[in-house]
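Here is protein-v3.cif, consisting of mmCIF, C-alpha atoms:
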data_entry
loop_
_atom_site.label_atom_id
_atom_site.label_comp_id
_atom_site.auth_asym_id
_atom_site.auth_seq_id
_atom_site.Cartn_x
_atom_site.Cartn_y
_atom_site.Cartn_z
CA MET T 94 78.72 85.21 113.25
CA THR T 95 82.44 84.72 113.97
CA LEU T 96 84.75 82.23 112.28
CA THR T 97 87.52 80.95 114.56
CA SER T 98 90.17 78.24 114.71
CA ARG T 99 90.46 75.63 117.44
CA ASN T 100 92.97 72.77 117.44
CA GLY T 101 93.46 73.24 113.72
CA LYS T 102 89.72 73.07 112.98
CA LEU T 103 87.27 75.79 111.95
CA TRP T 104 84.49 76.76 114.35
CA ILE T 105 81.70 79.33 114.22
CA THR T 106 80.39 81.35 117.15
CA PHE T 107 77.01 83.10 117.01
CA TYR T 108 74.21 84.42 119.22
CA HIS T 109 70.60 83.36 118.86
CA GLN T 110 67.89 84.81 121.13
CA SER T 111 70.59 86.10 123.50
CA THR T 112 72.20 82.66 123.79
CA ARG T 113 75.75 82.05 122.64
CA HIS T 114 76.28 78.99 120.44
CA ARG T 115 79.42 77.31 119.09
CA ARG T 116 79.55 74.74 116.30
CA SER T 117 82.45 72.94 114.62
CA LEU T 118 82.40 72.98 110.83
CA GLU T 119 84.45 69.76 110.78
CA LEU T 120 86.93 71.43 108.45
CA ASP T 121 90.68 71.91 108.71
CA ASP T 122 91.76 75.52 109.10
CA THR T 123 93.07 76.20 105.58
CA LYS T 124 92.73 79.15 103.24
CA LYS T 125 90.51 77.12 100.91
CA ASN T 126 88.20 75.95 103.71
CA ARG T 127 87.91 79.47 105.15
CA LYS T 128 86.78 80.66 101.74
CA LEU T 129 84.25 77.78 101.58
CA ALA T 130 82.96 78.65 105.06
CA GLU T 131 82.64 82.38 104.35
CA GLN T 132 81.06 82.09 100.92
CA GLN T 133 78.84 79.02 101.31
CA ILE T 134 78.48 77.44 104.74
CA ILE T 135 77.97 80.54 106.92
CA PRO T 136 75.42 82.16 104.54
CA GLU T 137 73.42 78.88 104.61
CA ILE T 138 73.46 78.85 108.41
CA VAL T 139 72.44 82.52 108.61
CA TYR T 140 69.54 81.85 106.24
CA LYS T 141 68.34 78.91 108.35
CA LEU T 142 68.65 80.92 111.55
CA ASN T 143 66.64 83.80 110.11
CA HIS T 144 63.88 81.45 108.96
CA GLY T 145 63.77 79.34 112.12
CA MET T 146 65.12 76.30 110.32
CA PHE T 147 68.56 75.76 111.89
CA PHE T 148 67.74 74.32 115.33
CA ASN T 149 64.63 72.65 113.94
CA SER T 150 66.70 70.71 111.39
CA GLU T 151 69.21 69.75 114.09
CA SER T 152 66.51 68.32 116.32
CA LYS T 153 64.89 66.46 113.45
CA GLN T 154 68.23 64.97 112.56
CA GLN T 155 68.58 63.69 116.11
CA GLU T 156 65.03 62.33 116.22
CA LYS T 157 65.02 60.30 113.03
CA LYS T 158 66.64 56.88 112.91
CA VAL T 159 69.68 57.17 110.71
CA PRO T 160 70.93 53.88 109.21
CA ILE T 161 74.51 52.69 109.55
CA VAL T 162 76.73 52.35 106.49
CA ALA T 163 76.32 48.56 106.29
CA GLU T 164 72.53 48.93 106.10
CA PHE T 165 72.40 51.67 103.51
CA ALA T 166 75.20 50.26 101.33
CA LYS T 167 72.85 47.44 100.32
CA VAL T 168 70.19 50.01 99.38
CA SER T 169 72.68 52.02 97.33
CA PHE T 170 73.91 48.99 95.40
CA GLU T 171 70.32 47.97 94.70
CA ILE T 172 69.62 51.46 93.32
CA HIS T 173 72.42 51.07 90.78
CA SER T 174 71.90 47.39 89.96
CA ARG T 175 70.00 48.14 86.77
CA ILE T 176 72.24 50.87 85.41
CA ARG T 177 75.70 49.46 86.17
CA LYS T 178 77.29 46.66 84.22
CA GLU T 179 77.13 43.40 86.14
CA LEU T 180 80.92 43.17 86.28
CA THR T 181 81.22 46.75 87.55
CA GLN T 182 78.63 46.05 90.23
CA ARG T 183 80.57 43.00 91.40
CA ASN T 184 83.88 44.86 91.40
CA TYR T 185 82.38 47.77 93.36
CA TRP T 186 80.89 45.42 95.95
CA ARG T 187 84.28 43.76 96.32
CA ILE T 188 85.85 47.19 96.85
CA TYR T 189 83.20 47.97 99.48
CA GLU T 190 83.89 44.72 101.35
CA LEU T 191 87.68 45.16 101.29
CA HIS T 192 88.15 48.88 101.86
CA ILE T 193 84.97 50.50 103.21
CA GLU T 194 83.09 47.97 105.32
CA PRO T 195 85.98 47.24 107.76
CA HIS T 196 86.25 50.94 108.68
CA PHE T 197 82.71 52.34 108.40
CA ALA T 198 80.19 49.46 108.45
CA LYS T 199 78.82 50.22 111.95
CA LYS T 200 79.05 54.00 111.69
CA ARG T 201 75.87 56.03 111.33
CA LEU T 202 75.71 57.92 108.04
CA ASP T 203 75.22 61.28 109.75
CA GLN T 204 78.25 60.73 111.98
CA ILE T 205 80.78 60.45 109.16
CA LYS T 206 82.89 63.60 109.15
CA ALA T 207 85.19 65.04 106.52
CA SER T 208 88.11 64.34 108.86
CA ASP T 209 87.13 60.65 108.96
CA ILE T 210 87.18 60.51 105.17
CA ALA T 211 90.51 62.33 104.96
CA LYS T 212 92.20 60.00 107.46
CA TRP T 213 90.81 56.90 105.75
CA GLN T 214 91.96 58.18 102.37
CA ASN T 215 95.46 58.98 103.66
CA ASP T 216 95.78 55.45 105.07
CA LEU T 217 94.82 53.98 101.68
CA LEU T 218 97.42 56.11 99.92
CA LYS T 219 100.17 54.57 102.03
CA GLU T 220 99.78 51.29 100.13
CA ARG T 221 97.89 52.15 96.94
CA SER T 222 98.22 54.48 93.97
CA GLY T 223 96.22 57.66 93.62
CA LYS T 224 94.28 56.11 90.73
CA THR T 225 93.25 53.10 92.81
CA VAL T 226 92.24 55.27 95.77
CA ARG T 227 90.10 57.43 93.48
CA THR T 228 88.21 54.31 92.40
CA ILE T 229 87.70 53.19 96.01
CA ARG T 230 86.64 56.70 96.92
CA THR T 231 84.05 56.72 94.09
CA VAL T 232 82.29 53.68 95.55
CA PHE T 233 81.94 55.22 99.02
CA GLN T 234 81.13 58.68 97.69
CA THR T 235 78.24 57.24 95.66
CA ILE T 236 76.77 55.55 98.74
CA LEU T 237 76.79 58.84 100.65
CA GLU T 238 75.45 60.72 97.63
CA ASP T 239 72.49 58.33 97.51
CA ALA T 240 71.94 58.91 101.24
CA MET T 241 71.86 62.66 100.62
CA MET T 242 69.38 62.21 97.76
CA ASP T 243 67.15 60.31 100.19
CA GLU T 244 67.51 63.19 102.69
CA ILE T 245 69.14 60.93 105.25
CA ILE T 246 72.11 63.28 105.44
CA ASN T 247 72.26 66.96 104.55
CA PHE T 248 75.75 67.05 103.11
CA ASN T 249 78.20 64.63 101.53
CA PRO T 250 81.52 64.98 103.43
CA PHE T 251 83.45 63.88 100.34
CA LYS T 252 82.85 67.35 98.89
CA ARG T 253 85.21 68.74 101.52
CA VAL T 254 88.01 66.20 100.96
CA LYS T 255 90.14 66.64 97.88
CA ALA T 256 90.60 63.54 95.75
CA PRO T 257 94.19 62.29 95.34
CA ILE T 258 96.07 62.94 92.12
CA SER T 259 95.55 60.10 89.66
CA THR T 260 98.88 59.09 88.20
CA GLU T 261 99.21 56.55 85.38
CA SER T 262 99.56 53.17 87.06
CA ARG T 263 100.96 51.31 84.06
CA GLU T 264 104.43 52.43 83.14
CA LYS T 265 105.02 52.02 79.41
CA LYS T 266 107.92 49.68 78.68
CA PRO T 267 107.53 48.75 75.01
CA PHE T 268 109.29 45.74 73.51
CA LEU T 269 111.68 46.14 70.59
CA MET T 270 110.47 44.81 67.24
CA ASP T 271 112.98 41.93 67.30
CA GLU T 272 111.79 41.00 70.79
CA MET T 273 108.17 40.95 69.61
CA PHE T 274 108.90 38.37 66.90
CA MET T 275 111.10 36.36 69.27
CA ILE T 276 108.31 36.14 71.85
CA ILE T 277 105.65 35.13 69.33
CA ASP T 278 107.78 32.44 67.69
CA ALA T 279 108.85 30.99 71.07
CA MET T 280 105.22 30.32 72.04
CA PRO T 281 103.41 26.99 71.51
CA GLN T 282 101.79 26.92 68.07
CA LEU T 283 98.23 27.21 69.38
CA MET T 284 99.13 30.41 71.27
CA GLN T 285 101.32 32.21 68.72
CA CYS T 286 98.34 33.93 67.13
CA TYR T 287 97.16 35.35 70.47
CA PHE T 288 100.42 37.23 70.96
CA ALA T 289 100.67 38.17 67.28
CA ILE T 290 97.27 39.89 67.56
CA GLY T 291 98.42 41.64 70.74
CA PHE T 292 101.63 42.96 69.16
CA PHE T 293 100.28 43.73 65.67
CA THR T 294 96.86 45.28 66.43
CA GLY T 295 97.19 46.88 69.88
CA MET T 296 93.94 45.21 70.99
CA ARG T 297 93.35 44.92 74.72
CA THR T 298 93.95 41.49 76.24
CA GLY T 299 90.30 41.00 77.17
CA GLU T 300 89.24 41.95 73.64
CA ILE T 301 91.53 39.25 72.21
CA ILE T 302 90.14 36.39 74.29
CA GLY T 303 86.64 37.62 73.40
CA LEU T 304 87.24 37.23 69.65
CA GLN T 305 85.07 34.82 67.68
CA TRP T 306 85.80 33.42 64.23
CA ASN T 307 82.86 35.29 62.70
CA ASP T 308 84.49 38.55 63.81
CA ILE T 309 87.09 38.16 61.06
CA ASP T 310 86.38 39.45 57.57
CA TRP T 311 89.02 37.60 55.53
CA ASP T 312 88.16 39.39 52.27
CA GLU T 313 88.45 42.88 53.74
CA ARG T 314 91.25 41.79 56.12
CA ILE T 315 89.48 43.25 59.12
CA ILE T 316 88.91 42.09 62.71
CA LYS T 317 85.69 43.41 64.23
CA VAL T 318 86.11 44.22 67.92
CA LEU T 319 82.64 43.72 69.39
CA ARG T 320 83.17 42.31 72.89
CA SER T 321 85.58 41.73 75.75
CA ARG T 322 85.92 38.97 78.35
CA ARG T 323 86.87 39.53 81.97
CA GLN T 324 86.43 37.39 85.07
CA GLY T 325 84.33 34.93 83.09
CA THR T 326 81.90 37.62 81.98
CA GLU T 327 81.41 38.80 78.41
CA THR T 328 80.84 42.53 78.09
CA LYS T 329 80.99 45.27 75.52
CA PRO T 330 84.45 46.76 74.94
CA LYS T 331 85.73 49.43 77.33
CA THR T 332 84.19 52.46 75.57
CA LYS T 333 81.97 53.22 72.56
CA SER T 334 85.05 54.05 70.49
CA SER T 335 86.49 50.64 71.43
CA ILE T 336 83.87 48.99 69.20
CA ARG T 337 85.89 49.20 66.00
CA ASP T 338 87.33 47.54 62.91
CA VAL T 339 91.00 46.59 63.24
CA GLU T 340 93.12 46.15 60.14
CA ILE T 341 94.91 42.80 59.66
CA LEU T 342 98.48 43.80 58.86
CA ASP T 343 100.74 41.73 56.62
CA ALA T 344 102.78 40.70 59.66
CA LEU T 345 99.69 39.28 61.39
CA LEU T 346 98.00 37.48 58.48
CA PRO T 347 100.25 34.35 58.40
CA TYR T 348 99.68 33.75 62.13
CA LEU T 349 95.90 34.03 61.73
CA GLU T 350 95.83 31.69 58.73
CA LYS T 351 98.03 29.13 60.49
CA HIS T 352 95.84 29.30 63.62
CA ARG T 353 92.70 28.68 61.55
CA LYS T 354 94.23 25.46 60.17
CA LEU T 355 95.24 24.29 63.65
CA CYS T 356 91.86 24.89 65.29
CA ASP T 357 88.64 22.90 65.33
CA THR T 358 86.51 24.41 62.58
CA SER T 359 83.40 24.14 64.79
CA SER T 360 84.93 26.39 67.49
CA VAL T 361 83.13 29.65 68.24
CA TYR T 362 85.99 31.50 69.91
CA ILE T 363 89.36 31.96 68.26
CA PHE T 364 91.15 31.10 71.50
CA GLU T 365 89.87 28.30 73.69
CA THR T 366 91.21 26.20 76.55
CA TYR T 367 91.98 22.51 76.22
CA MET T 368 88.45 21.95 77.52
CA GLY T 369 87.03 23.73 74.48
CA GLN T 370 85.90 26.75 76.50
CA PRO T 371 86.82 30.43 76.02
CA PHE T 372 89.35 31.87 78.45
CA ASN T 373 87.64 33.58 81.38
CA THR T 374 90.62 35.84 82.06
CA CYS T 375 94.15 36.31 80.77
CA ASP T 376 95.70 35.18 84.07
CA LYS T 377 96.48 31.64 82.90
CA ILE T 378 97.81 32.94 79.59
CA SER T 379 100.19 35.13 81.56
CA SER T 380 101.29 32.48 84.05
CA HIS T 381 101.45 29.47 81.66
CA TYR T 382 102.83 31.09 78.51
CA TRP T 383 103.88 34.72 78.90
CA LYS T 384 106.08 34.68 82.01
CA PRO T 385 107.92 31.39 81.21
CA THR T 386 108.66 32.55 77.64
CA LEU T 387 110.10 35.89 78.70
CA GLN T 388 112.22 34.12 81.29
CA LYS T 389 113.45 31.56 78.72
CA LEU T 390 114.39 34.33 76.27
CA GLY T 391 116.08 36.43 78.95
CA ILE T 392 113.75 39.38 78.28
CA PRO T 393 112.90 41.53 81.35
CA TYR T 394 109.35 40.90 82.52
CA ARG T 395 106.51 43.30 81.67
CA ASN T 396 102.81 42.57 81.92
CA LEU T 397 100.66 41.50 78.98
CA TYR T 398 99.30 45.00 78.50
CA GLN T 399 102.71 46.08 77.24
CA MET T 400 101.86 44.39 73.91
CA ARG T 401 99.39 47.22 73.33
CA HIS T 402 101.97 49.85 74.25
CA SER T 403 104.55 48.13 72.05
CA PHE T 404 102.24 48.28 69.03
CA ALA T 405 101.45 51.96 69.56
CA SER T 406 105.04 53.06 70.19
CA LEU T 407 106.39 51.01 67.25
CA MET T 408 103.84 52.40 64.79
CA ILE T 409 104.19 56.01 65.93
CA SER T 410 108.00 55.97 66.10
CA ASN T 411 108.09 54.66 62.52
CA GLY T 412 105.97 57.50 61.21
CA GLU T 413 102.56 55.82 60.86
CA ASP T 414 99.61 58.22 60.78
CA ILE T 415 98.54 59.09 64.33
CA LEU T 416 94.84 59.01 63.40
CA TRP T 417 95.19 55.45 62.05
CA VAL T 418 97.00 54.34 65.22
CA SER T 419 94.29 55.97 67.33
CA ASN T 420 91.56 54.10 65.43
CA MET T 421 93.42 50.80 65.80
CA LEU T 422 93.69 51.33 69.56
CA GLY T 423 90.05 52.36 69.93
CA HIS T 424 90.85 55.76 71.43
CA LYS T 425 88.15 58.40 71.43
CA ASP T 426 90.31 60.71 69.34
CA SER T 427 93.92 61.21 68.28
CA SER T 428 94.57 63.74 71.06
CA MET T 429 94.31 60.90 73.59
CA THR T 430 96.84 58.88 71.59
CA LEU T 431 99.21 61.84 71.37
CA GLU T 432 98.93 62.47 75.09
CA LYS T 433 99.93 58.88 75.86
CA TYR T 434 102.58 58.39 73.19
CA ALA T 435 103.91 61.85 72.31
CA ARG T 436 107.49 60.90 73.14
CA TYR T 437 107.47 58.27 70.37
CA VAL T 438 106.44 60.67 67.59
CA LYS T 439 109.15 60.65 64.95
CA ARG T 440 110.93 64.00 64.77
CA LEU T 441 112.46 64.55 61.37
CA ASP T 442 115.81 66.29 61.10
CA LYS T 443 114.34 69.41 59.62
CA LYS T 444 114.98 73.07 60.13
CA ARG T 445 111.78 74.65 61.43
CA ALA T 446 110.06 77.87 60.24
CA GLU T 447 112.31 78.37 57.21
CA PHE T 448 109.57 80.46 55.59
CA LEU T 449 110.24 83.27 58.08
CA SER T 450 113.63 83.87 56.49
CA LYS T 451 112.28 84.49 52.99
#
Can you turn what I pasted into structure tokens?
Amino acid sequence: MTLTSRNGKLWITFYHQSTRHRRSLELDDTKKNRKLAEQQIIPEIVYKLNHGMFFNSESKQQEKKVPIVAEFAKVSFEIHSRIRKELTQRNYWRIYELHIEPHFAKKRLDQIKASDIAKWQNDLLKERSGKTVRTIRTVFQTILEDAMMDEIINFNPFKRVKAPISTESREKKPFLMDEMFMIIDAMPQLMQCYFAIGFFTGMRTGEIIGLQWNDIDWDERIIKVLRSRRQGTETKPKTKSSIRDVEILDALLPYLEKHRKLCDTSSVYIFETYMGQPFNTCDKISSHYWKPTLQKLGIPYRNLYQMRHSFASLMISNGEDILWVSNMLGHKDSSMTLEKYARYVKRLDKKRAEFLSK
């Protein structure tokens, strides 16, 4: 069996029962793909040829009715409907409709080549970050993986297309401490506490609008983070470690106490709309309060999530224990916190390794 290159693609040539055959591997001619062909693909083909399986499997593949992507996508989403969070399922279906269906809906599953995936992925990267494309890719890859599990296709072409590098999409632009107090105090009274919690606990925005009054332990000065709200849906926090107790700092306590006096004592949620309903998202908070206040104060715009970064960077740069900061943020461990905020760690003016000179 001979491995050759043709128009930048890898092909194999072999003889079977005195007949010469050529097949494209649908792979670009690269060093990595040649290694894949030599160590995995060609041995599999040789095995099938020796056991009379190769041409038989090809003919069976042609005989059976292979569904198009639009047909099987519905099956795949149904498979995962019980194990995915409802919000995740909705978001994934939206991704499918926007980014996958327009390009592949009418294509048969067994006709999707690695080159098709690579071209589609490259087009996405022209307008979207590597992190976003990885998420889109995950949705499509899962559909094809389910098709392979059902023996509709023999191989998932995503395995031959390298995923893009995932770069951090949110650039950290923390606010100064003076700016934090300025922003909070410039807000309407009923919203000051929302931003105080954001700046003085590092809680995620969805976790804040999900807070209920019974989540606060006034005696222990603790906020219990038990849920999050997003797109009108209440879910568990982002990860298991995100379910946590957050300490109420001295700077936050007056805002919480003032907010309790201002609010209807029968309210369930700490933050509610004028209609007495919890916020479905933070979009209106951003557009109605956050953006106008920053503009009024002359502070360069950053998104709401920067409150979390501001808390972390302020605490770490002022020498607070990294493990405590990690627990407040709901990180899995302190190494994650260090990875994200290492540049803010306070470096004391100290001569290192003095003991070596003794």
What's around Tyr398 (chain T) at 8 Å? Count only C-alpha atoms, leave out sequence neighbours fewer than 4 positions away in its own chain, and write the answer as a PyMOL selection string. chain T and resi 297-298+402
Counting all atoms listed in the file, which residue out of T:Gln305, T:Asp278, T:His381, T:Asp310 sits closest to Ser359 (chain T)? T:Gln305
With distances taken over only C-alpha atoms, the candidate from T:Ser222, T:Thr366, T:Ser321, T:Gln204 nearest Leu283 (chain T) is T:Thr366
Could you work out how far CA of Leu103 (chain T) lies from CA of Arg115 (chain T), giving the answer in Å with one decimal?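 Atom-to-atom, CA of Arg115 (chain T) and CA of Leu103 (chain T) are spaced 10.7 Å apart.
For the point (82.3, 59.1, 107.1), the residues with an atom at a distance of at most 9 Å are Val162, Phe197, Lys200, Arg201, Leu202, Asp203, Gln204, Ile205, Lys206, Ala207, Ser208, Asp209, Ile210, Trp213, Phe233, Leu237, Asn249, Pro250 and Phe251 of chain T, counting all atoms listed in the file.
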Suppose you want the space between CA of Lys354 (chain T) and CA of Trp306 (chain T); what is it in Å?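 Computed distance, CA of Lys354 (chain T) to CA of Trp306 (chain T), equals 12.3 Å.
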Fewer than 6 positions away in the same chain doesn't count, so skip those; otherwise give me all residues within 12 Å of Glu190 (chain T), counting only C-alpha atoms, as a list in words.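 Once the adjacent positions are removed, what remains is Val162, Ala163, Ala166, Lys167, Arg183, Asn184, His196, Phe197, Ala198, Ile229, Val232 and Phe233 of chain T.
Computed from the coordinates, the CA of Asp122 (chain T) to CA of Gly101 (chain T) distance equals 5.4 Å.
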Smallest atom-to-atom distance to Asn420 (chain T): which of T:Met296, T:Leu355, T:Val438, T:Ile301, using all atoms listed in the file?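 Counting all atoms listed in the file, the residue closest to Asn420 (chain T) is T:Met296.
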Give me the residues within 10 Å of Tyr108 (chain T) as number ranges by chain, counting only C-alpha atoms and dropping any in the same chain fewer than 5 places off. T: 94-95, 113-115
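Of the residues under consideration (T:Lys124, T:His424, T:Lys266, T:Lys219), T:Lys266 shows the shortest atom-to-atom contact distance to Asn396 (chain T) when counting only C-alpha atoms.
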